[in-house]
file work-v3.txt (compact mmCIF, C-alpha atoms (C1' of nucleotides))
# COMPACT_ATOMS: atom_id res chain seq x y z
CA MET H 132 -9.90 -16.37 -77.68
CA LYS H 133 -8.77 -15.58 -74.17
CA LEU H 134 -10.71 -16.10 -70.98
CA SER H 135 -10.57 -13.40 -68.34
CA ASN H 136 -8.08 -14.03 -65.59
CA GLY H 137 -10.68 -13.39 -62.92
CA VAL H 138 -12.52 -16.56 -63.87
CA GLU H 139 -9.85 -18.60 -62.15
CA TRP H 140 -10.04 -16.50 -59.01
CA ALA H 141 -13.83 -16.69 -58.97
CA LEU H 142 -13.85 -20.47 -59.25
CA HIS H 143 -11.29 -20.86 -56.49
CA SER H 144 -13.20 -18.37 -54.36
CA CYS H 145 -16.43 -20.33 -54.75
CA VAL H 146 -14.67 -23.53 -53.76
CA THR H 147 -13.25 -21.76 -50.73
CA LEU H 148 -16.62 -20.30 -49.79
CA SER H 149 -18.14 -23.77 -49.95
CA GLN H 150 -15.96 -24.69 -46.97
CA SER H 151 -17.22 -21.95 -44.67
CA ARG H 152 -20.69 -21.56 -43.27
CA GLU H 153 -19.92 -18.01 -42.11
CA PRO H 154 -19.37 -14.96 -44.32
CA VAL H 155 -15.79 -14.55 -45.58
CA PRO H 156 -14.46 -11.05 -46.33
CA ALA H 157 -12.97 -10.41 -49.74
CA SER H 158 -9.68 -9.44 -48.12
CA LEU H 159 -9.30 -12.94 -46.68
CA LEU H 160 -10.01 -14.55 -50.03
CA ALA H 161 -7.44 -12.31 -51.69
CA GLU H 162 -4.86 -13.11 -49.04
CA LEU H 163 -5.49 -16.83 -49.30
CA HIS H 164 -5.22 -16.84 -53.09
CA GLY H 165 -2.45 -14.30 -53.43
CA THR H 166 -4.42 -11.95 -55.67
CA PRO H 167 -4.84 -8.15 -55.78
CA PRO H 168 -7.52 -7.52 -53.13
CA SER H 169 -9.40 -4.74 -54.89
CA TYR H 170 -9.55 -6.54 -58.19
CA LEU H 171 -10.86 -9.73 -56.64
CA ALA H 172 -13.50 -7.62 -54.91
CA LYS H 173 -14.72 -6.42 -58.26
CA HIS H 174 -15.20 -9.96 -59.50
CA LEU H 175 -16.98 -10.93 -56.30
CA GLN H 176 -19.37 -8.08 -56.99
CA ALA H 177 -20.09 -9.70 -60.34
CA LEU H 178 -20.83 -12.98 -58.60
CA SER H 179 -23.14 -11.11 -56.26
CA ARG H 180 -25.01 -9.54 -59.15
CA ALA H 181 -25.44 -12.99 -60.70
CA GLY H 182 -26.99 -14.31 -57.52
CA ILE H 183 -24.26 -16.83 -56.82
CA VAL H 184 -22.96 -15.24 -53.62
CA HIS H 185 -24.58 -12.99 -51.04
CA SER H 186 -22.78 -10.11 -49.39
CA THR H 187 -23.20 -8.99 -45.80
CA ALA H 188 -21.89 -5.63 -44.67
CA GLY H 189 -20.52 -4.60 -41.32
CA GLN H 190 -17.96 -5.93 -38.95
CA ALA H 191 -18.77 -9.62 -39.22
CA GLY H 192 -19.66 -9.36 -42.88
CA GLY H 193 -18.30 -10.90 -46.05
CA TYR H 194 -19.40 -13.21 -48.83
CA GLU H 195 -21.18 -16.56 -48.68
CA LEU H 196 -22.78 -18.85 -51.22
CA THR H 197 -26.49 -18.41 -51.74
CA ARG H 198 -27.05 -22.10 -52.49
CA PRO H 199 -25.46 -25.42 -51.66
CA ALA H 200 -22.29 -25.90 -53.67
CA ALA H 201 -23.82 -28.93 -55.38
CA GLN H 202 -26.39 -26.65 -57.00
CA ILE H 203 -23.91 -24.16 -58.48
CA SER H 204 -22.45 -25.12 -61.83
CA ALA H 205 -19.08 -24.01 -63.08
CA LEU H 206 -20.84 -22.57 -66.10
CA GLU H 207 -22.76 -20.15 -63.91
CA VAL H 208 -19.55 -18.85 -62.38
CA VAL H 209 -17.81 -18.47 -65.73
CA ARG H 210 -20.80 -16.69 -67.23
CA ALA H 211 -21.04 -14.35 -64.26
CA ILE H 212 -17.46 -13.18 -64.71
CA ASP H 213 -17.00 -13.35 -68.43
CA GLY H 214 -20.49 -12.36 -69.53
CA GLY H 215 -22.99 -14.51 -71.36
CA GLU H 216 -22.20 -13.25 -74.84
CA PRO H 217 -21.03 -15.91 -77.29
CA ALA H 218 -17.38 -15.90 -78.28
CA TYR H 219 -18.22 -15.95 -81.99
CA ARG H 220 -20.73 -13.42 -83.20
CA CYS H 221 -21.77 -13.31 -86.82
CA THR H 222 -21.56 -9.91 -88.48
CA GLU H 223 -23.71 -11.08 -91.38
CA ILE H 224 -21.06 -11.02 -94.05
CA ARG H 225 -23.52 -12.62 -96.47
CA GLN H 226 -25.62 -9.45 -96.42
CA ARG H 227 -22.71 -7.29 -97.55
CA GLY H 228 -20.66 -6.97 -100.70
CA PRO H 229 -21.63 -7.42 -104.34
CA LEU H 230 -23.36 -10.74 -103.74
CA ALA H 231 -25.30 -9.60 -100.70
CA LEU H 232 -28.34 -11.71 -99.93
CA PRO H 233 -31.61 -9.94 -99.17
CA ALA H 234 -32.54 -9.85 -95.49
CA ALA H 235 -35.64 -11.91 -96.17
CA ARG H 236 -33.49 -14.95 -96.98
CA CYS H 237 -31.34 -14.56 -93.87
CA GLU H 238 -33.81 -15.49 -91.17
CA ARG H 239 -31.77 -18.49 -90.09
CA PRO H 240 -28.20 -17.99 -88.92
CA CYS H 241 -25.37 -18.50 -91.37
CA ALA H 242 -24.04 -22.06 -91.59
CA ILE H 243 -20.70 -20.92 -90.23
CA ALA H 244 -22.37 -19.26 -87.27
CA ARG H 245 -24.36 -22.44 -86.65
CA ALA H 246 -21.21 -24.53 -86.55
CA MET H 247 -19.49 -22.15 -84.16
CA ALA H 248 -22.58 -21.99 -81.95
CA ALA H 249 -22.75 -25.79 -81.81
CA ALA H 250 -19.15 -25.89 -80.63
CA GLU H 251 -19.86 -23.35 -77.91
CA ASP H 252 -22.88 -25.34 -76.82
CA ALA H 253 -20.65 -28.39 -76.39
CA TRP H 254 -18.29 -26.29 -74.30
CA ALA H 255 -21.13 -24.99 -72.15
CA ASP H 256 -22.59 -28.46 -71.66
CA ALA H 257 -19.28 -29.72 -70.38
CA LEU H 258 -19.21 -26.99 -67.73
CA ARG H 259 -22.91 -27.21 -66.91
CA HIS H 260 -22.51 -30.69 -65.46
CA VAL H 261 -19.64 -29.76 -63.15
CA THR H 262 -20.64 -28.25 -59.83
CA VAL H 263 -18.61 -26.31 -57.31
CA ALA H 264 -19.04 -29.25 -54.94
CA ASP H 265 -17.49 -31.54 -57.58
CA LEU H 266 -14.50 -29.25 -57.88
CA ALA H 267 -14.03 -29.10 -54.13
CA ALA H 268 -14.21 -32.89 -53.89
CA ARG H 269 -11.66 -33.35 -56.66
CA ILE H 270 -9.25 -30.84 -55.17
CA ASP H 271 -9.61 -32.62 -51.85
CA ALA H 272 -8.93 -35.97 -53.48
CA ASP H 273 -5.84 -34.60 -55.21
CA SER H 274 -4.46 -33.52 -51.83
CA GLU H 275 -5.37 -36.85 -50.23
CA GLY H 276 -8.09 -35.30 -48.13
CA THR H 277 -6.12 -32.52 -46.52
CA ALA H 278 -6.79 -29.42 -48.62
CA MET H 279 -10.38 -28.62 -47.69
CA THR H 280 -9.94 -29.11 -43.98
CA ALA H 281 -6.83 -26.94 -44.12
CA VAL H 282 -8.83 -24.21 -45.83
CA SER H 283 -11.71 -24.26 -43.39
CA SER H 284 -9.44 -24.29 -40.37
CA TRP H 285 -7.32 -21.46 -41.77
CA LEU H 286 -10.47 -19.42 -42.39
CA ALA H 287 -11.67 -20.00 -38.84
CA ALA H 288 -8.31 -19.03 -37.40
CA ALA H 289 -8.05 -15.91 -39.55
CA ARG H 290 -11.57 -14.85 -38.61
CA GLN H 291 -10.87 -15.39 -34.93
CA GLY H 292 -7.57 -13.56 -34.96
CA SER H 293 -9.02 -10.50 -36.66
CA GLY H 294 -9.20 -8.83 -33.26
CA HIS H 295 -5.60 -9.52 -32.33
CA ALA H 296 -3.73 -8.46 -35.46
CA THR H 297 -4.81 -5.90 -37.99
CA ARG H 298 -5.34 -6.98 -41.59
CA GLN H 299 -2.27 -5.01 -42.55
CA GLY H 300 -0.16 -6.64 -39.90
CA ARG H 301 -1.09 -10.21 -40.75
CA THR H 302 -0.54 -9.63 -44.43
CA HIS H 303 2.89 -8.31 -43.71
CA VAL H 304 3.80 -11.28 -41.58
CA LEU H 305 2.69 -13.77 -44.21
CA GLY H 306 4.15 -11.88 -47.11
CA MET Q 68 -14.16 -14.80 -73.73
CA LYS Q 69 -14.24 -13.14 -77.08
CA LEU Q 70 -13.17 -14.63 -80.39
CA SER Q 71 -11.28 -12.43 -82.81
CA ASN Q 72 -13.35 -10.86 -85.51
CA GLY Q 73 -10.98 -12.07 -88.21
CA VAL Q 74 -12.00 -15.67 -87.57
CA GLU Q 75 -15.27 -15.03 -89.34
CA TRP Q 76 -13.49 -13.48 -92.33
CA ALA Q 77 -11.01 -16.32 -92.51
CA LEU Q 78 -13.71 -18.98 -92.53
CA HIS Q 79 -15.68 -17.19 -95.22
CA SER Q 80 -12.50 -16.67 -97.23
CA CYS Q 81 -11.68 -20.37 -97.09
CA VAL Q 82 -15.17 -21.24 -98.27
CA THR Q 83 -14.78 -18.78 -101.11
CA LEU Q 84 -11.36 -20.11 -102.05
CA SER Q 85 -12.80 -23.62 -102.21
CA GLN Q 86 -14.87 -22.46 -105.17
CA SER Q 87 -11.95 -21.29 -107.30
CA ARG Q 88 -9.21 -23.41 -108.75
CA GLU Q 89 -7.16 -20.31 -109.62
CA PRO Q 90 -5.42 -17.96 -107.17
CA VAL Q 91 -7.67 -15.22 -105.78
CA PRO Q 92 -6.10 -11.90 -104.71
CA ALA Q 93 -6.78 -10.64 -101.22
CA SER Q 94 -8.33 -7.49 -102.65
CA LEU Q 95 -11.04 -9.52 -104.34
CA LEU Q 96 -11.84 -11.41 -101.15
CA ALA Q 97 -12.07 -8.15 -99.25
CA GLU Q 98 -14.34 -6.63 -101.88
CA LEU Q 99 -16.58 -9.69 -101.91
CA HIS Q 100 -16.91 -9.79 -98.13
CA GLY Q 101 -17.03 -6.06 -97.49
CA THR Q 102 -14.03 -6.03 -95.17
CA PRO Q 103 -11.01 -3.73 -94.79
CA PRO Q 104 -8.60 -5.02 -97.47
CA SER Q 105 -5.36 -4.60 -95.57
CA TYR Q 106 -6.66 -6.17 -92.40
CA LEU Q 107 -8.00 -9.20 -94.23
CA ALA Q 108 -4.58 -9.52 -95.85
CA LYS Q 109 -2.99 -9.78 -92.45
CA HIS Q 110 -5.26 -12.67 -91.52
CA LEU Q 111 -4.59 -14.39 -94.83
CA GLN Q 112 -0.91 -14.19 -93.98
CA ALA Q 113 -1.69 -16.10 -90.80
CA LEU Q 114 -3.48 -18.75 -92.83
CA SER Q 115 -0.45 -18.94 -95.08
CA ARG Q 116 1.89 -19.41 -92.13
CA ALA Q 117 -0.35 -22.22 -90.87
CA GLY Q 118 -0.10 -24.02 -94.21
CA ILE Q 119 -3.79 -23.73 -95.01
CA VAL Q 120 -3.42 -21.46 -98.04
CA HIS Q 121 -0.61 -20.86 -100.47
CA SER Q 122 0.27 -17.45 -101.84
CA THR Q 123 1.49 -16.68 -105.33
CA ALA Q 124 3.02 -13.32 -106.17
CA GLY Q 125 2.89 -11.38 -109.38
CA GLN Q 126 0.23 -10.27 -111.77
CA ALA Q 127 -1.82 -13.46 -111.82
CA GLY Q 128 -1.13 -14.18 -108.16
CA GLY Q 129 -3.30 -14.54 -105.10
CA TYR Q 130 -4.29 -17.13 -102.52
CA GLU Q 131 -5.44 -20.71 -103.00
CA LEU Q 132 -6.08 -23.63 -100.71
CA THR Q 133 -3.19 -26.03 -100.27
CA ARG Q 134 -5.49 -29.04 -99.82
CA PRO Q 135 -8.94 -30.15 -100.86
CA ALA Q 136 -11.57 -28.35 -98.80
CA ALA Q 137 -12.74 -31.66 -97.37
CA GLN Q 138 -9.37 -32.06 -95.67
CA ILE Q 139 -9.37 -28.67 -93.91
CA SER Q 140 -11.18 -28.55 -90.62
CA ALA Q 141 -12.79 -25.46 -89.17
CA LEU Q 142 -10.62 -25.97 -86.10
CA GLU Q 143 -7.47 -25.50 -88.15
CA VAL Q 144 -8.71 -22.18 -89.47
CA VAL Q 145 -9.76 -20.92 -86.06
CA ARG Q 146 -6.47 -21.96 -84.51
CA ALA Q 147 -4.50 -20.30 -87.31
CA ILE Q 148 -6.15 -16.95 -86.64
CA ASP Q 149 -6.74 -17.03 -82.93
CA GLY Q 150 -3.64 -18.92 -81.87
CA GLY Q 151 -3.53 -22.34 -80.31
CA GLU Q 152 -3.28 -21.20 -76.71
CA PRO Q 153 -6.08 -22.39 -74.45
CA ALA Q 154 -8.64 -19.83 -73.32
CA TYR Q 155 -8.23 -20.78 -69.68
CA ARG Q 156 -4.71 -20.96 -68.36
CA CYS Q 157 -4.01 -21.91 -64.79
CA THR Q 158 -1.77 -19.54 -62.85
CA GLU Q 159 -1.21 -22.12 -60.11
CA ILE Q 160 -3.08 -20.38 -57.35
CA ARG Q 161 -2.60 -23.43 -55.17
CA GLN Q 162 1.13 -22.73 -55.04
CA ARG Q 163 0.62 -19.24 -53.67
CA GLY Q 164 -0.67 -17.77 -50.43
CA PRO Q 165 -0.44 -19.06 -46.86
CA LEU Q 166 -1.61 -22.57 -47.78
CA ALA Q 167 0.68 -22.95 -50.78
CA LEU Q 168 1.28 -26.51 -51.82
CA PRO Q 169 4.86 -27.60 -52.57
CA ALA Q 170 5.68 -27.93 -56.24
CA ALA Q 171 6.34 -31.63 -55.82
CA ARG Q 172 2.63 -32.27 -55.17
CA CYS Q 173 1.52 -30.21 -58.17
CA GLU Q 174 2.64 -32.41 -61.01
CA ARG Q 175 -0.89 -32.94 -62.26
CA PRO Q 176 -2.96 -29.93 -63.28
CA CYS Q 177 -5.39 -28.43 -60.79
CA ALA Q 178 -8.86 -29.96 -60.79
CA ILE Q 179 -10.34 -26.66 -61.93
CA ALA Q 180 -7.88 -26.48 -64.81
CA ARG Q 181 -8.77 -30.05 -65.75
CA ALA Q 182 -12.47 -29.22 -65.90
CA MET Q 183 -11.86 -26.17 -68.04
CA ALA Q 184 -9.54 -28.09 -70.34
CA ALA Q 185 -12.13 -30.81 -70.78
CA ALA Q 186 -14.67 -28.20 -71.85
CA GLU Q 187 -12.26 -26.74 -74.37
CA ASP Q 188 -11.56 -30.19 -75.71
CA ALA Q 189 -15.28 -30.66 -76.30
CA TRP Q 190 -15.34 -27.35 -78.15
CA ALA Q 191 -12.37 -28.32 -80.28
CA ASP Q 192 -13.81 -31.73 -81.09
CA ALA Q 193 -16.99 -30.13 -82.36
CA LEU Q 194 -14.99 -28.00 -84.77
CA ARG Q 195 -12.55 -30.72 -85.71
CA HIS Q 196 -15.24 -32.73 -87.44
CA VAL Q 197 -16.52 -29.84 -89.57
CA THR Q 198 -14.62 -29.27 -92.79
CA VAL Q 199 -14.55 -26.27 -95.08
CA ALA Q 200 -16.29 -28.43 -97.67
CA ASP Q 201 -19.09 -29.10 -95.19
CA LEU Q 202 -19.53 -25.39 -94.61
CA ALA Q 203 -19.63 -24.67 -98.32
CA ALA Q 204 -22.22 -27.40 -98.85
CA ARG Q 205 -24.42 -26.09 -96.06
CA ILE Q 206 -24.24 -22.52 -97.27
CA ASP Q 207 -25.14 -23.73 -100.72
CA ALA Q 208 -28.06 -25.71 -99.34
CA ASP Q 209 -29.31 -22.67 -97.41
CA SER Q 210 -29.37 -20.68 -100.64
CA GLU Q 211 -31.07 -23.50 -102.53
CA GLY Q 212 -28.00 -24.24 -104.59
CA THR Q 213 -27.33 -20.75 -105.92
CA ALA Q 214 -24.70 -19.27 -103.59
CA MET Q 215 -21.60 -21.22 -104.57
CA THR Q 216 -22.15 -20.96 -108.30
CA ALA Q 217 -22.73 -17.25 -107.90
CA VAL Q 218 -19.45 -16.92 -106.05
CA SER Q 219 -17.40 -18.85 -108.57
CA SER Q 220 -18.88 -17.00 -111.53
CA TRP Q 221 -18.37 -13.64 -109.84
CA LEU Q 222 -14.75 -14.53 -109.16
CA ALA Q 223 -14.22 -15.55 -112.78
CA ALA Q 224 -15.78 -12.34 -114.06
CA ALA Q 225 -13.81 -10.15 -111.69
CA ARG Q 226 -10.57 -11.90 -112.57
CA GLN Q 227 -11.27 -11.52 -116.30
CA GLY Q 228 -12.21 -7.88 -116.06
CA SER Q 229 -9.07 -6.94 -114.20
CA GLY Q 230 -7.62 -5.67 -117.46
CA HIS Q 231 -10.59 -3.53 -118.36
CA ALA Q 232 -11.33 -1.69 -115.12
CA THR Q 233 -8.89 -0.83 -112.39
CA ARG Q 234 -9.43 -2.21 -108.90
CA GLN Q 235 -10.35 1.26 -107.78
CA GLY Q 236 -12.86 1.69 -110.54
CA ARG Q 237 -14.66 -1.55 -109.99
CA THR Q 238 -14.87 -0.96 -106.29
CA HIS Q 239 -16.45 2.39 -106.94
CA VAL Q 240 -19.02 0.98 -109.32
CA LEU Q 241 -20.08 -1.74 -106.93
CA GLY Q 242 -20.02 0.42 -103.83
C1' DG C 23 -23.44 7.06 -30.35
C1' DC C 24 -19.07 5.76 -31.97
C1' DA C 25 -15.69 3.34 -34.31
C1' DA C 26 -14.29 -0.12 -37.26
C1' DC C 27 -15.17 -2.95 -40.77
C1' DT C 28 -17.68 -4.18 -44.90
C1' DC C 29 -19.16 -3.71 -49.79
C1' DG C 30 -20.01 -0.93 -54.09
C1' DG C 31 -19.03 1.77 -57.90
C1' DA C 32 -16.12 5.48 -60.04
C1' DC C 33 -11.22 6.50 -61.68
C1' DA C 34 -6.40 5.62 -64.17
C1' DA C 35 -2.79 2.46 -66.58
C1' DA C 36 -1.43 -1.48 -69.57
C1' DC C 37 -2.23 -4.50 -72.94
C1' DT C 38 -4.26 -6.61 -76.94
C1' DA C 39 -6.94 -6.29 -81.01
C1' DT C 40 -7.94 -3.44 -84.89
C1' DG C 41 -6.84 -0.89 -88.79
C1' DT C 42 -3.49 1.41 -92.04
C1' DC C 43 0.59 2.19 -94.52
C1' DT C 44 4.78 1.67 -97.12
C1' DG C 45 8.38 -1.51 -98.92
C1' DA C 46 10.27 -5.97 -101.19
C1' DG C 47 9.55 -9.46 -104.59
C1' DT C 48 7.57 -11.59 -108.68
C1' DT C 49 5.22 -12.07 -112.85
C1' DG C 50 3.85 -10.94 -117.51
C1' DG C 51 4.29 -8.26 -121.57
C1' DG C 52 6.85 -5.11 -124.86
C1' DC U 133 16.39 -7.91 -122.05
C1' DC U 134 13.90 -4.16 -119.61
C1' DC U 135 9.89 -2.07 -117.76
C1' DA U 136 5.63 -1.60 -115.55
C1' DA U 137 2.00 -3.35 -112.86
C1' DC U 138 0.43 -6.25 -109.62
C1' DT U 139 1.09 -9.25 -105.69
C1' DC U 140 2.25 -10.43 -100.83
C1' DA U 141 4.64 -9.46 -96.35
C1' DG U 142 5.96 -7.15 -92.42
C1' DA U 143 6.48 -2.65 -89.73
C1' DC U 144 3.73 1.38 -87.90
C1' DA U 145 -0.40 4.18 -85.44
C1' DT U 146 -5.04 3.81 -83.21
C1' DA U 147 -9.05 2.22 -80.49
C1' DG U 148 -11.13 -0.70 -77.29
C1' DT U 149 -10.93 -3.84 -73.53
C1' DT U 150 -8.93 -5.78 -69.74
C1' DT U 151 -6.43 -5.18 -65.59
C1' DG U 152 -5.59 -2.77 -61.53
C1' DT U 153 -6.39 0.95 -57.90
C1' DC U 154 -8.75 4.21 -55.25
C1' DC U 155 -12.15 6.48 -52.32
C1' DG U 156 -17.00 7.02 -50.64
C1' DA U 157 -21.64 5.04 -48.72
C1' DG U 158 -23.67 1.81 -45.71
C1' DT U 159 -23.94 -1.49 -41.92
C1' DT U 160 -22.82 -3.91 -37.93
C1' DG U 161 -21.20 -4.62 -33.26
C1' DC U 162 -19.68 -2.51 -29.01
call {"tool": "encode", "arguments": {"input": "work-v3.txt", "output": "structure tokens"}}
result
Amino acid sequence: MKLSNGVEWALHSCVTLSQSREPVPASLLAELHGTPPSYLAKHLQALSRAGIVHSTAGQAGGYELTRPAAQISALEVVRAIDGGEPAYRCTEIRQRGPLALPAARCERPCAIARAMAAAEDAWADALRHVTVADLAARIDADSEGTAMTAVSSWLAAARQGSGHATRQGRTHVLG
Amino acid sequence: MKLSNGVEWALHSCVTLSQSREPVPASLLAELHGTPPSYLAKHLQALSRAGIVHSTAGQAGGYELTRPAAQISALEVVRAIDGGEPAYRCTEIRQRGPLALPAARCERPCAIARAMAAAEDAWADALRHVTVADLAARIDADSEGTAMTAVSSWLAAARQGSGHATRQGRTHVLG
DNA sequence: GCAACTCGGACAAACTATGTCTGAGTTGGG
DNA sequence: CCCAACTCAGACATAGTTTGTCCGAGTTGC
């Protein structure tokens, strides 16, 4: 059971977006997080399809959250990237082999599938009650109140300086 | 997030093994569950390495549970097949990029990693309290008390008839 | 009207999971 | 005591998914 790597980037991106009231281009998010730009863009597209972020095209475009961060759960973000399909899916072993049960007696899921589904429900519930705003607040608390202001000010500076230095140039300087 | 397909086979195999006090060959388990024999064998090897089942070689050999089914949790079986690594693993994004935090301030896990770990703990706890014996009892209850006796009698018959018909022959008859 | 920037989906490469095969070891009977 | 059959165990191909990259369509601001 392995969770896609992009889930981490998507969660961090949502936290970052919660600190900016203006659209943020995917290239800035990639630069800030140190991730492959094009691959992050693909995951942001998934978030857009799920209705979590809204994309604006053009020169002053980028991504922004569609709702207040307090109304976006971590579960939504994970589901948007990883897909809503359950990790364990029953292949109906009981209907195969020499002792196969008739389909009429298999209306309810197998007991094993029920147990696995209950575990996944517990996992989902734990993430349902954590919002992006909660995550941002906790990260800020861990950094003693400096992280989120640093992010928002860096975003503002990067957005302002987009006329002075090209994207390529700034990336080179920072890398 | 996708769980390996062999987890289902392993859980069913453990339930089946709980119904036999004699060793059961992997070929019989594969035939009973309708799975590729060699691939199931590979997963049974993983269960053996984890100390959940014990293998005996030779003519009357096979697999058997090392403990009473009531002392084997579903979590153990899942971990044996899927590996104990967490689904979400933090790549320390906060230590990369222009706003990278120094390693000295990153002793505790990231808040996002903490939230994901808490969810996985909830998932694990749900499976920790379900034993193989519980699963067998529930499957039996679903079938109105006929499934487990059918399994144990089929195993006994198949084991007895191993001298009369070859493995190949019996498979052909039942398929 | 132009130029630059943006997103969006189509196109390869790498890795893991899946499935198969042959070999080593052990048991039971002759 | 030897042989034959059956067992498990690990090494070997294959398929699917994830990861990563690229270029084109559309939009905005000047």
call {"tool": "closest_residue", "arguments": {"input": "work-v3.txt", "among": "H:Gly192, H:Pro240, H:Gly276, H:Gly182", "to": "Ser158 of chain H", "atoms": "all atoms listed in the file"}}
result
H:Gly192
call {"tool": "interface_residues", "arguments": {"input": "work-v3.txt", "of": "chain Q", "to": "chain U", "cutoff": "8 Å", "atoms": "only C-alpha atoms (C1' of nucleotides)", "output": "list in words"}}
result
Pro92, Gln112, Ser122, Thr123, Ala124, Gly125, Gln126, Ala127, Gly128 and Gly129 of chain Q
call {"tool": "interface_residues", "arguments": {"input": "work-v3.txt", "of": "chain C", "to": "chain H", "cutoff": "10 Å", "atoms": "only C-alpha atoms (C1' of nucleotides)", "output": "list in words"}}
result
DA26, DC27, DT28, DC29, DG30 and DG31 of chain C
call {"tool": "interface_residues", "arguments": {"input": "work-v3.txt", "of": "chain H", "to": "chain Q", "cutoff": "7 Å", "atoms": "only C-alpha atoms", "output": "PDB file with C-alpha atoms, in the coordinates of the input"}}
result
ATOM      1  CA  MET H 132      -9.900 -16.370 -77.680  1.00  0.00           C
ATOM      2  CA  LYS H 133      -8.770 -15.580 -74.170  1.00  0.00           C
ATOM      3  CA  LEU H 134     -10.710 -16.100 -70.980  1.00  0.00           C
ATOM      4  CA  SER H 135     -10.570 -13.400 -68.340  1.00  0.00           C
ATOM      5  CA  GLU H 162      -4.860 -13.110 -49.040  1.00  0.00           C
ATOM      6  CA  LEU H 163      -5.490 -16.830 -49.300  1.00  0.00           C
ATOM      7  CA  HIS H 164      -5.220 -16.840 -53.090  1.00  0.00           C
ATOM      8  CA  GLY H 165      -2.450 -14.300 -53.430  1.00  0.00           C
ATOM      9  CA  ASP H 213     -17.000 -13.350 -68.430  1.00  0.00           C
ATOM     10  CA  ALA H 218     -17.380 -15.900 -78.280  1.00  0.00           C
ATOM     11  CA  TYR H 219     -18.220 -15.950 -81.990  1.00  0.00           C
ATOM     12  CA  ILE H 224     -21.060 -11.020 -94.050  1.00  0.00           C
ATOM     13  CA  ARG H 227     -22.710  -7.290 -97.550  1.00  0.00           C
ATOM     14  CA  GLY H 228     -20.660  -6.970-100.700  1.00  0.00           C
ATOM     15  CA  PRO H 229     -21.630  -7.420-104.340  1.00  0.00           C
ATOM     16  CA  ALA H 242     -24.040 -22.060 -91.590  1.00  0.00           C
ATOM     17  CA  ILE H 243     -20.700 -20.920 -90.230  1.00  0.00           C
ATOM     18  CA  ALA H 250     -19.150 -25.890 -80.630  1.00  0.00           C
ATOM     19  CA  GLU H 251     -19.860 -23.350 -77.910  1.00  0.00           C
ATOM     20  CA  ALA H 253     -20.650 -28.390 -76.390  1.00  0.00           C
ATOM     21  CA  TRP H 254     -18.290 -26.290 -74.300  1.00  0.00           C
ATOM     22  CA  ALA H 257     -19.280 -29.720 -70.380  1.00  0.00           C
ATOM     23  CA  LEU H 258     -19.210 -26.990 -67.730  1.00  0.00           C
ATOM     24  CA  LEU H 266     -14.500 -29.250 -57.880  1.00  0.00           C
ATOM     25  CA  ARG H 269     -11.660 -33.350 -56.660  1.00  0.00           C
ATOM     26  CA  ILE H 270      -9.250 -30.840 -55.170  1.00  0.00           C
ATOM     27  CA  LEU H 305       2.690 -13.770 -44.210  1.00  0.00           C
TER      28      LEU H 305
END
call {"tool": "atom_distance", "arguments": {"input": "work-v3.txt", "atom1": "atom CA of Leu132 of chain Q", "atom2": "atom CA of Val91 of chain Q"}}
result
9.9 Å
call {"tool": "residues_near_point", "arguments": {"input": "work-v3.txt", "point": "(-22.9, -20.7, -59.1)", "cutoff": "9 Å", "atoms": "all atoms listed in the file", "output": "ChimeraX atom specification"}}
result
/H:145,178,181-184,196-198,200,202-209,211,262-263
call {"tool": "atom_distance", "arguments": {"input": "work-v3.txt", "atom1": "atom CA of His185 of chain H", "atom2": "atom CA of Ser151 of chain H"}}
result
13.2 Å
call {"tool": "atom_distance", "arguments": {"input": "work-v3.txt", "atom1": "atom CA of Arg152 of chain H", "atom2": "atom CA of Pro199 of chain H"}}
result
10.4 Å
